Amino acid sequence: MANNQYLINKAKYLRSNQTDAEERLWYYLRAHRFMGLKFKRQKPVDQFIVDFVCLEIKLIIEADGGQHGDDADAKRDAWLKAQGFTVVHFWNNDILGQTDAVLERIRQTVLTLSPAPSPASGRGE
C-alpha cells in the first residue's frame with residue numbers, strides 16, 4: 001500500500017532529523033534504559049506517526065513544539081486512546097529544561113500502566 005510506504009519513509013526521515021528535545025528524551029528511553037521497557041521512536045501507528053511508543057504497555061510519549069495543540073492533535077489523541085493507548089504530551093522546552101521532572105512523570109505513568117509483579121514470579125515461592 002502506497003500510504004503505508006509513505007508513513008515508513010516519513011518515519012525514517014523523522015528519526016534522522018530529530019528535534020533537540022526528541023534527541024534528549026530518546027537518550028533516556030532507548031535500549032531498555034528506562035525501567036527496562038522497550039521504546040520505539042517515530043513509529044507508525046495506523047495512519048499516525050508517534051514520537052515514542054512502548055507497545056508492551058501501550059504508552060505513547062509526544063514531544064511537542066509550537067505546531068501542536070490544535071484540533072487535529074485532539075482527534076489523533078482520541079483515536080489513539082480508543083485503541084487502548086495512553087498518550088502523554090510534553091512541551092519541548094520542558095523536556096530540555098526540566099528533564100528530570102519529565103522523566104519522573106513518565107515513570108509515574110508507567111507505574112499506573114504496568115501490572116504489579118506477582119509474588120510467585122519464579123523465585124521458588
# chains A, B, ... in the order shown; residues from 1 in each chain; ligands from 1
>>> select_by_dssp(residues="chain A", states="strand (DSSP E or B)", output="VMD selection string")
chain A and resid 40 to 45 48 to 54 59 to 64 86 to 91
>>> select_by_dssp(residues="chain A", states="alpha helix (DSSP H)", output="ChimeraX atom specification")
/A:2-16,20-29,71-82,92-97,99-113
>>> closest_residue(among="A:Ala101, A:Leu113, A:Leu80, A:Cys54", to="A:His32", atoms="only C-alpha atoms")
A:Cys54
>>> atom_distance(atom1="atom CA of A:Trp91", atom2="atom CA of A:Asn4")
28.2 Å
>>> residues_around(residues="A:Asn3", least_positions_apart="3", cutoff="12 Å", atoms="only C-alpha atoms", output="PDB file with C-alpha atoms, in the first residue's frame")
ATOM      1  CA  TYR A   6       4.789   6.903   2.723  1.00  0.00           C
ATOM      2  CA  LEU A   7       4.457   6.574   6.522  1.00  0.00           C
ATOM      3  CA  ILE A   8       7.501   4.306   6.714  1.00  0.00           C
ATOM      4  CA  ASN A   9       9.590   6.763   4.669  1.00  0.00           C
ATOM      5  CA  LYS A  10       8.352   9.726   6.714  1.00  0.00           C
ATOM      6  CA  PRO A  44       3.770   4.449  12.583  1.00  0.00           C
ATOM      7  CA  ASP A  46      -2.099   3.014  11.892  1.00  0.00           C
ATOM      8  CA  GLN A  47      -2.244   6.328   9.979  1.00  0.00           C
ATOM      9  CA  PHE A  48      -0.221   8.300  12.536  1.00  0.00           C
TER      10      PHE A  48
END
>>> closest_residue(among="A:Glu23, A:Lys58, A:Ser114, A:Arg30", to="A:Ala82", atoms="only C-alpha atoms")
A:Lys58
